[in-house]
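One file, input_25.txt, is given below (compact mmCIF, C-alpha atoms).
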```txt
# COMPACT_ATOMS: atom_id res chain seq x y z
CA MET A 1 40.22 -74.40 1.12
CA ARG A 2 43.72 -74.62 -0.30
CA SER A 3 46.59 -74.61 2.19
CA ALA A 4 50.30 -75.21 2.61
CA SER A 5 52.27 -76.59 5.52
CA GLY A 6 55.95 -76.67 6.41
CA LEU A 7 58.46 -73.96 7.26
CA ILE A 8 57.21 -70.36 6.95
CA TYR A 9 59.67 -67.52 6.40
CA SER A 10 58.64 -64.48 8.39
CA GLY A 11 60.42 -61.73 10.28
CA GLY A 12 63.86 -62.88 9.26
CA GLY A 13 63.56 -66.55 10.15
CA PHE A 14 61.76 -69.84 9.60
CA ARG A 15 59.17 -71.44 11.85
CA GLU A 16 56.88 -74.40 11.51
CA GLY A 17 53.28 -73.79 10.63
CA SER A 18 50.71 -73.61 7.89
CA ALA A 19 49.30 -70.90 5.67
CA PHE A 20 45.97 -70.56 3.91
CA PHE A 21 43.50 -67.99 2.66
CA SER A 22 40.41 -67.34 4.74
CA GLU A 23 37.77 -64.97 3.39
CA GLY A 24 40.28 -63.54 0.95
CA ARG A 25 42.97 -62.83 3.55
CA LEU A 26 46.19 -64.65 4.25
CA ALA A 27 46.04 -66.56 7.51
CA ILE A 28 49.03 -68.07 9.31
CA SER A 29 48.86 -70.82 11.88
CA GLN A 30 51.64 -72.10 14.11
CA ASN A 31 50.19 -75.56 13.79
CA PRO A 32 51.30 -77.73 10.84
CA ASP A 33 48.41 -79.02 8.73
CA GLU A 34 48.84 -82.70 7.96
CA ASP A 35 46.09 -82.48 5.33
CA SER A 36 47.54 -79.51 3.44
CA ASP A 37 47.71 -79.56 -0.33
CA VAL A 38 51.42 -78.79 -0.49
CA LYS A 39 54.25 -79.27 2.00
CA GLY A 40 57.52 -77.40 1.83
CA ILE A 41 59.10 -73.95 2.20
CA ILE A 42 56.49 -71.17 2.43
CA LEU A 43 57.74 -67.77 1.27
CA PRO A 44 56.19 -64.32 0.76
CA ARG A 45 55.95 -63.37 -2.88
CA THR A 46 58.87 -61.21 -3.89
CA VAL A 47 59.41 -57.76 -5.39
CA ASN A 48 61.83 -57.47 -8.30
CA CYS A 49 63.29 -54.02 -7.66
CA HIS A 50 64.88 -53.42 -11.05
CA THR A 51 63.88 -54.74 -14.45
CA HIS A 52 64.09 -53.79 -18.11
CA ILE A 53 61.27 -55.97 -19.45
CA GLY A 54 61.22 -54.12 -22.77
CA ASP A 55 64.32 -55.93 -24.06
CA ALA A 56 62.93 -59.44 -23.48
CA PHE A 57 62.63 -59.92 -27.26
CA ILE A 58 66.40 -59.61 -27.71
CA GLN A 59 68.41 -62.83 -27.77
CA ARG A 60 71.06 -63.11 -25.06
CA PRO A 61 74.11 -61.48 -26.62
CA ALA A 62 77.69 -62.63 -26.62
CA LYS A 63 80.00 -61.15 -24.02
CA CYS A 64 80.39 -57.41 -24.45
CA SER A 65 80.79 -54.28 -22.39
CA VAL A 66 78.01 -52.32 -20.69
CA GLU A 67 78.61 -49.45 -23.11
CA GLU A 68 78.39 -51.70 -26.18
CA LEU A 69 75.18 -53.35 -25.04
CA VAL A 70 73.02 -50.96 -23.02
CA ALA A 71 74.47 -47.43 -23.04
CA PRO A 72 72.08 -44.90 -24.62
CA PRO A 73 71.60 -43.82 -27.29
CA ASP A 74 73.48 -46.26 -29.53
CA GLY A 75 74.16 -49.39 -27.48
CA LEU A 76 72.93 -52.55 -29.21
CA LYS A 77 69.84 -52.72 -27.00
CA HIS A 78 68.77 -49.16 -27.87
CA ARG A 79 69.28 -49.67 -31.59
CA LEU A 80 67.06 -52.76 -31.45
CA LEU A 81 64.45 -51.02 -29.28
CA ARG A 82 64.10 -48.21 -31.83
CA ASN A 83 63.16 -50.72 -34.52
CA ALA A 84 61.12 -53.18 -32.44
CA SER A 85 57.54 -53.67 -33.58
CA GLU A 86 54.70 -54.06 -31.13
CA ARG A 87 54.04 -57.54 -32.53
CA GLU A 88 57.62 -58.54 -31.78
CA GLN A 89 58.04 -56.84 -28.42
CA VAL A 90 54.78 -57.19 -26.48
CA PRO A 91 54.50 -61.04 -26.56
CA ALA A 92 58.10 -61.35 -25.36
CA MET A 93 57.39 -58.92 -22.53
CA LYS A 94 54.28 -60.89 -21.58
CA ASP A 95 56.28 -64.13 -21.47
CA ALA A 96 58.84 -62.49 -19.18
CA ILE A 97 56.10 -61.23 -16.86
CA ARG A 98 54.50 -64.67 -16.71
CA GLY A 99 57.90 -66.13 -15.89
CA MET A 100 58.15 -63.75 -12.95
CA GLU A 101 54.73 -64.78 -11.73
CA LEU A 102 55.58 -68.48 -11.87
CA GLU A 103 58.67 -67.81 -9.76
CA GLY A 104 56.72 -66.03 -7.03
CA VAL A 105 57.17 -62.34 -7.95
CA SER A 106 54.22 -60.11 -7.06
CA HIS A 107 55.54 -56.68 -8.18
CA TYR A 108 58.37 -55.37 -10.31
CA ILE A 109 59.91 -51.93 -10.74
CA ASP A 110 60.59 -51.43 -14.44
CA PHE A 111 62.77 -48.85 -16.16
CA ARG A 112 60.73 -48.44 -19.34
CA GLU A 113 62.45 -46.85 -22.30
CA SER A 114 60.80 -45.38 -25.43
CA GLY A 115 58.66 -42.68 -23.88
CA LEU A 116 54.86 -42.92 -23.89
CA GLU A 117 54.86 -45.72 -26.45
CA GLY A 118 57.13 -47.78 -24.22
CA VAL A 119 54.77 -47.36 -21.26
CA ARG A 120 51.77 -48.24 -23.43
CA ARG A 121 53.39 -51.48 -24.58
CA LEU A 122 54.28 -52.51 -21.02
CA LEU A 123 50.71 -51.87 -19.91
CA MET A 124 49.47 -54.02 -22.81
CA ALA A 125 51.88 -56.81 -21.87
CA SER A 126 50.72 -56.66 -18.25
CA LEU A 127 47.04 -57.25 -19.04
CA GLY A 128 45.84 -60.53 -17.56
CA CYS A 129 49.08 -61.17 -15.66
CA GLY A 130 49.21 -61.66 -11.90
CA VAL A 131 52.25 -59.43 -11.39
CA SER A 132 51.90 -55.68 -10.83
CA PRO A 133 54.28 -53.25 -12.54
CA VAL A 134 55.70 -50.06 -11.08
CA ILE A 135 56.51 -48.23 -14.31
CA LEU A 136 59.35 -45.73 -14.40
CA GLY A 137 59.26 -44.10 -17.79
CA ARG A 138 61.95 -42.32 -19.74
CA PRO A 139 61.10 -39.40 -22.03
CA GLU A 140 62.54 -39.46 -25.53
CA ALA A 141 63.05 -35.69 -25.42
CA PHE A 142 63.35 -33.37 -22.44
CA ASP A 143 60.27 -31.33 -23.11
CA ALA A 144 58.06 -30.32 -20.15
CA ASN A 145 54.87 -31.27 -21.99
CA GLU A 146 56.20 -34.71 -22.89
CA VAL A 147 57.44 -35.33 -19.36
CA SER A 148 54.04 -34.31 -17.94
CA ALA A 149 52.26 -36.62 -20.36
CA LEU A 150 54.61 -39.48 -19.49
CA LEU A 151 54.18 -38.98 -15.74
CA SER A 152 50.42 -38.89 -16.10
CA VAL A 153 50.50 -42.61 -16.94
CA ALA A 154 53.79 -43.80 -15.36
CA ASP A 155 54.67 -44.09 -11.68
CA GLY A 156 57.83 -42.03 -12.10
CA LEU A 157 61.07 -41.66 -13.99
CA GLY A 158 63.80 -44.26 -14.52
CA ILE A 159 66.90 -42.31 -15.56
CA SER A 160 69.80 -44.10 -17.25
CA ALA A 161 72.70 -42.26 -15.53
CA ILE A 162 73.79 -38.74 -14.66
CA SER A 163 76.56 -39.00 -17.25
CA ASP A 164 73.96 -39.16 -20.02
CA PHE A 165 72.43 -35.71 -19.33
CA ASP A 166 73.48 -32.21 -18.41
CA SER A 167 72.88 -31.04 -14.84
CA ASP A 168 70.03 -28.69 -15.71
CA SER A 169 68.08 -31.40 -17.55
CA LEU A 170 68.51 -33.81 -14.65
CA LEU A 171 67.36 -31.29 -12.06
CA ASN A 172 64.39 -30.28 -14.20
CA LEU A 173 63.37 -33.92 -14.59
CA SER A 174 63.65 -34.57 -10.87
CA GLU A 175 61.77 -31.43 -9.89
CA HIS A 176 59.04 -32.15 -12.44
CA ALA A 177 58.53 -35.66 -11.13
CA ARG A 178 58.48 -34.50 -7.52
CA SER A 179 55.95 -31.78 -8.28
CA MET A 180 53.62 -34.55 -9.47
CA GLY A 181 54.33 -36.82 -6.48
CA LYS A 182 56.17 -39.35 -8.63
CA ILE A 183 59.22 -41.60 -8.19
CA VAL A 184 62.75 -40.63 -9.23
CA ALA A 185 65.16 -43.55 -9.75
CA LEU A 186 68.41 -43.92 -11.65
CA HIS A 187 71.40 -46.12 -12.36
CA ALA A 188 74.46 -45.03 -10.40
CA SER A 189 78.19 -45.83 -10.66
CA GLU A 190 77.72 -49.09 -12.54
CA THR A 191 81.04 -49.26 -14.41
CA ARG A 192 82.85 -46.20 -13.05
CA ARG A 193 82.43 -43.96 -10.05
CA GLU A 194 80.11 -41.01 -10.70
CA ASP A 195 79.87 -37.76 -8.77
CA PHE A 196 77.64 -38.84 -5.90
CA SER A 197 76.88 -35.28 -4.84
CA ARG A 198 75.21 -34.75 -8.25
CA ILE A 199 73.23 -37.94 -7.74
CA LEU A 200 71.98 -36.85 -4.33
CA GLU A 201 70.99 -33.43 -5.72
CA LEU A 202 68.24 -35.28 -7.58
CA GLU A 203 66.83 -36.60 -4.27
CA PRO A 204 66.43 -40.11 -5.70
CA ASP A 205 63.99 -42.60 -4.22
CA LEU A 206 65.96 -45.59 -5.51
CA LEU A 207 69.42 -46.19 -6.97
CA VAL A 208 70.55 -49.17 -9.03
CA HIS A 209 73.98 -50.87 -9.04
CA MET A 210 76.47 -48.64 -7.14
CA VAL A 211 79.15 -51.16 -8.13
CA LYS A 212 81.94 -48.58 -8.34
CA SER A 213 80.84 -46.40 -5.43
CA SER A 214 83.32 -45.33 -2.78
CA LYS A 215 82.99 -45.85 0.96
CA ALA A 216 82.10 -42.17 1.33
CA ASP A 217 79.42 -42.55 -1.39
CA MET A 218 77.88 -45.50 0.44
CA GLU A 219 77.89 -43.64 3.75
CA ALA A 220 76.22 -40.65 2.10
CA CYS A 221 73.66 -42.97 0.47
CA ALA A 222 72.84 -44.54 3.84
CA ALA A 223 72.60 -41.13 5.52
CA ALA A 224 70.16 -39.98 2.84
CA LYS A 225 68.17 -43.22 3.35
CA VAL A 226 68.23 -44.08 -0.34
CA PRO A 227 67.85 -47.83 -1.02
CA VAL A 228 70.00 -49.58 -3.62
CA ALA A 229 68.92 -52.39 -5.95
CA ILE A 230 71.73 -54.78 -6.87
CA CYS A 231 71.58 -57.01 -9.96
CA PRO A 232 73.90 -60.02 -9.47
CA THR A 233 73.29 -61.89 -12.73
CA SER A 234 73.66 -58.79 -14.87
CA ASN A 235 76.76 -57.67 -12.99
CA SER A 236 78.31 -61.12 -13.46
CA PHE A 237 77.66 -60.99 -17.21
CA PHE A 238 79.72 -57.81 -17.39
CA GLY A 239 82.44 -59.06 -15.05
CA LEU A 240 81.33 -56.81 -12.19
CA LYS A 241 80.82 -57.52 -8.50
CA PRO A 242 78.72 -55.19 -6.34
CA PRO A 243 80.21 -54.25 -2.94
CA VAL A 244 77.25 -55.70 -1.04
CA ARG A 245 79.14 -56.32 2.20
CA GLU A 246 80.29 -52.71 2.28
CA MET A 247 76.78 -51.46 1.44
CA LEU A 248 75.24 -53.40 4.30
CA ASP A 249 77.96 -52.31 6.72
CA ALA A 250 77.33 -48.68 5.73
CA GLY A 251 73.65 -49.12 6.60
CA ILE A 252 72.16 -49.10 3.09
CA ALA A 253 68.85 -50.88 2.53
CA VAL A 254 69.85 -53.33 -0.21
CA CYS A 255 67.21 -54.98 -2.39
CA ILE A 256 67.48 -57.16 -5.50
CA GLY A 257 66.63 -56.74 -9.18
CA SER A 258 67.21 -58.83 -12.29
CA ASP A 259 68.01 -55.96 -14.69
CA ASN A 260 67.79 -56.67 -18.44
CA ALA A 261 65.39 -59.43 -19.45
CA MET A 262 67.68 -60.29 -22.38
CA LEU A 263 70.39 -61.32 -19.89
CA SER A 264 68.48 -63.32 -17.29
CA SER A 265 65.09 -64.62 -16.24
CA PRO A 266 63.34 -61.78 -14.37
CA GLY A 267 62.77 -63.71 -11.16
CA ILE A 268 64.33 -63.30 -7.75
CA LEU A 269 65.22 -66.94 -6.99
CA GLY A 270 67.77 -66.92 -9.81
CA GLU A 271 69.31 -63.79 -8.33
CA VAL A 272 69.51 -65.50 -4.93
CA ARG A 273 71.47 -68.31 -6.57
CA ALA A 274 73.70 -65.77 -8.34
CA LEU A 275 74.40 -63.96 -5.06
CA ARG A 276 75.37 -67.16 -3.29
CA THR A 277 77.70 -68.06 -6.17
CA MET A 278 79.23 -64.58 -6.16
CA PHE A 279 79.79 -64.31 -2.38
CA SER A 280 81.02 -66.80 0.17
CA GLU A 281 79.02 -67.30 3.36
CA ARG A 282 81.77 -65.41 5.18
CA GLU A 283 81.09 -62.40 2.94
CA LEU A 284 77.29 -62.69 2.99
CA THR A 285 75.31 -64.96 5.26
CA ASP A 286 72.29 -66.94 4.13
CA SER A 287 70.08 -64.82 6.38
CA GLU A 288 71.37 -61.57 4.82
CA ILE A 289 70.57 -62.86 1.34
CA MET A 290 67.12 -63.96 2.50
CA ASP A 291 66.48 -60.51 3.95
CA MET A 292 67.42 -58.78 0.70
CA ALA A 293 65.28 -61.13 -1.35
CA PHE A 294 62.18 -61.54 0.81
CA GLU A 295 62.01 -58.50 3.10
CA GLN A 296 63.79 -55.46 1.67
CA GLY A 297 62.05 -55.45 -1.70
CA ARG A 298 58.65 -55.09 -0.05
CA LYS A 299 59.97 -52.35 2.25
CA VAL A 300 61.39 -50.43 -0.71
CA LEU A 301 58.09 -50.76 -2.56
CA ASN A 302 56.24 -49.35 0.43
CA SER A 303 58.66 -46.42 0.69
CA LEU A 304 58.18 -45.08 -2.84
CA PRO A 305 56.11 -41.92 -3.38
CA GLY A 306 52.57 -42.62 -4.45
CA LEU A 307 52.89 -46.25 -3.35
CA ARG A 308 53.43 -45.83 0.39
CA ASP A 309 51.63 -48.52 2.38
CA ALA A 310 49.89 -49.74 -0.76
CA TYR A 311 51.47 -53.19 -0.48
CA LEU A 312 52.27 -53.29 3.21
CA GLU A 313 50.96 -56.75 3.97
CA HIS A 314 52.13 -60.01 2.46
CA LYS A 315 48.76 -60.98 0.97
CA GLU A 316 50.18 -63.66 -1.27
CA PHE A 317 52.70 -66.41 -0.83
CA PHE A 318 54.26 -69.25 -2.74
CA VAL A 319 55.52 -72.64 -1.73
CA ILE A 320 58.59 -74.56 -2.82
CA GLU A 321 57.59 -78.20 -2.62
CA ALA A 322 60.65 -79.74 -0.99
CA PRO A 323 61.96 -81.31 2.22
CA VAL A 324 62.36 -78.77 5.00
CA ASP A 325 65.65 -80.03 6.44
CA ASP A 326 67.76 -77.19 4.94
CA PRO A 327 65.45 -74.41 3.72
CA PHE A 328 68.06 -72.11 2.16
CA LYS A 329 69.59 -75.01 0.24
CA ARG A 330 66.11 -75.97 -1.01
CA ILE A 331 65.54 -72.39 -2.17
CA LEU A 332 68.79 -72.50 -4.13
CA GLU A 333 67.70 -75.79 -5.72
CA ALA A 334 64.13 -74.68 -6.50
CA ARG A 335 62.84 -75.18 -10.01
CA ALA A 336 59.61 -73.97 -11.60
CA GLU A 337 57.83 -77.33 -11.50
CA LYS A 338 58.16 -77.42 -7.70
CA ILE A 339 56.89 -73.86 -7.11
CA HIS A 340 53.22 -73.44 -6.22
CA LEU A 341 51.42 -70.10 -6.07
CA PHE A 342 48.51 -69.51 -3.75
CA ASP A 343 46.06 -66.69 -4.21
CA ARG A 344 42.86 -66.36 -2.21
CA GLY A 345 42.66 -70.10 -1.75
CA GLU A 346 43.39 -71.12 -5.32
CA THR A 347 46.61 -72.77 -6.40
CA THR A 348 48.28 -72.77 -9.79
```
Using C-alpha cells, write down the structure from this file.
Amino acid sequence: MRSASGLIYSGGGFREGSAFFSEGRLAISQNPDEDSDVKGIILPRTVNCHTHIGDAFIQRPAKCSVEELVAPPDGLKHRLLRNASEREQVPAMKDAIRGMELEGVSHYIDFRESGLEGVRRLLMASLGCGVSPVILGRPEAFDANEVSALLSVADGLGISAISDFDSDSLLNLSEHARSMGKIVALHASETRREDFSRILELEPDLLVHMVKSSKADMEACAAAKVPVAICPTSNSFFGLKPPVREMLDAGIAVCIGSDNAMLSSPGILGEVRALRTMFSERELTDSEIMDMAFEQGRKVLNSLPGLRDAYLEHKEFFVIEAPVDDPFKRILEARAEKIHLFDRGETT
C-alpha cells in the first residue's frame, strides 16, 4: 500500500502523521510511518475556483489592458477564440488540465466561452484527465432555447460582467439558470467599480475579482454570503491588487483562481506564491493564505447548486517531497518534480 509521512495540513494547521488509502478511502494516522514511500508536506488536493482553460492555446501576450485583452466581444482573446480550430484548441486545453493535475488540483470552475461548442471542446479535453471540471457556459446569443440547451450540459452560467449586458438580459439569464437548479457566477468590479446592487439582483453563487469594490460592496457581499474568487497572477499582469485584507475583514469567504490559462499556469501553488509576493505577512498571514488555498475552495465547491456535498470529503491528497522544518516556505518553493499525487493507493 502506498503511503506518505510527514506534516499533514488539516483544519487550519499542520500536525505530524501519515496518510494512505485503505480500501479506496483516505486514512489518516497520527503516527509517522518510517517506511512510507514519500516524506514531506501532505496537503489536500485543491480546487481552482476560476479558470478560462479555453484560451490555453494563446501565447502569453505583451503587457496590455484588461479591455484590450479579454473584454468581449472584440478583445484579443475573443477574436482568437472565434477563429480557433478544435485541433488547435483542445490539445492546449488538455495540456493545461494535466498541468493542474500534476500540481495537485482536483476540481476547477471554468468560465467557458463559445456557447455549446465551447462546452463540448472542454468536455473533450477533460477525457482521461484526473481533474474534474465545473463548467459555467456562456451563450453566444440570449435566446431561451439556446440557454436551455447550454444549461442541459453545463453546470451553470459564467457571465463576463454586468456592464456587458442590459439589465433585462442579465435577470433573464439568472432566472433561467435558477429555474434549472444551476450555478450563476460572474466577474465583478475588476477594473472599475460596478453597481453592486445590480450584481446582487442576480443572486450570484460566486463572484470573481472584486478588485475595485467599495467597503460597502464588500459588506453587502459578506451579508449575502457570496464567496469571491481572487486571481493574484492575473491581477498582477494587469497592474491590479485585490483588496484581500478588506474582504477577509468584511467576512467574505475568499477562494483562489488562476484566471486565463494564457497568462499563468492553472495551478493553485503558483497563486499562493503570487499572493505572498503581493502581500506582506503583516497584510496577510501564512495561515490566511493557506486557508484560502486549501480550505475555502473546497467549501465553495460544496456550496454551489447541484454540487452541494458532492465533494465534501478530502478523498485525495498530494505530497510535496521536502524537509518539514518550515512547511509554508516549502510550499512556496515546491516544483513539479517534487510533487507526488496519491489516489487510492497508487502514486504518480
Q. Between A:Glu281, A:Cys49, A:Tyr108, A:Ala223, which has the minimum distance to Arg245 (chain A) (counting only C-alpha atoms)?
A. A:Glu281
Q: Would you mind telling me which residue in A:His209, A:Arg60, A:His52, A:Arg282 lies nearest to Ala96 (chain A) when using only C-alpha atoms?
A: A:His52
Nearby residues (only C-alpha atoms) at most 8 Å from region 268-280 of chain A, same-chain spacing under 4 positions excluded, as a short mmCIF file (atom, residue, chain, number, x, y, z; two decimals) with C-alpha atoms, in the frame of the given file:
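Produced file selection.cif, reproduced below:
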```
data_model
loop_
_atom_site.label_atom_id
_atom_site.label_comp_id
_atom_site.auth_asym_id
_atom_site.auth_seq_id
_atom_site.Cartn_x
_atom_site.Cartn_y
_atom_site.Cartn_z
CA THR A 46 58.87 -61.21 -3.89
CA VAL A 47 59.41 -57.76 -5.39
CA ASN A 48 61.83 -57.47 -8.30
CA GLU A 103 58.67 -67.81 -9.76
CA VAL A 105 57.17 -62.34 -7.95
CA CYS A 231 71.58 -57.01 -9.96
CA PRO A 232 73.90 -60.02 -9.47
CA THR A 233 73.29 -61.89 -12.73
CA LYS A 241 80.82 -57.52 -8.50
CA ILE A 256 67.48 -57.16 -5.50
CA GLY A 257 66.63 -56.74 -9.18
CA SER A 258 67.21 -58.83 -12.29
CA LEU A 284 77.29 -62.69 2.99
CA THR A 285 75.31 -64.96 5.26
CA ILE A 289 70.57 -62.86 1.34
CA MET A 290 67.12 -63.96 2.50
CA ALA A 293 65.28 -61.13 -1.35
CA ILE A 331 65.54 -72.39 -2.17
CA LEU A 332 68.79 -72.50 -4.13
CA ALA A 334 64.13 -74.68 -6.50
#
```
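As for CA of Glu321 (chain A) and CA of Phe20 (chain A), they are spaced 15.4 Å apart.
Closest approach to Gly156 (chain A) from the set A:Leu304, A:Glu117, A:His50, A:Ala322 is made by A:Leu304, with distances taken over all atoms listed in the file.
Closest approach to Glu113 (chain A) among A:Ala185, A:Ser65, A:Arg98, A:Gly54: A:Gly54, based on all atoms listed in the file.
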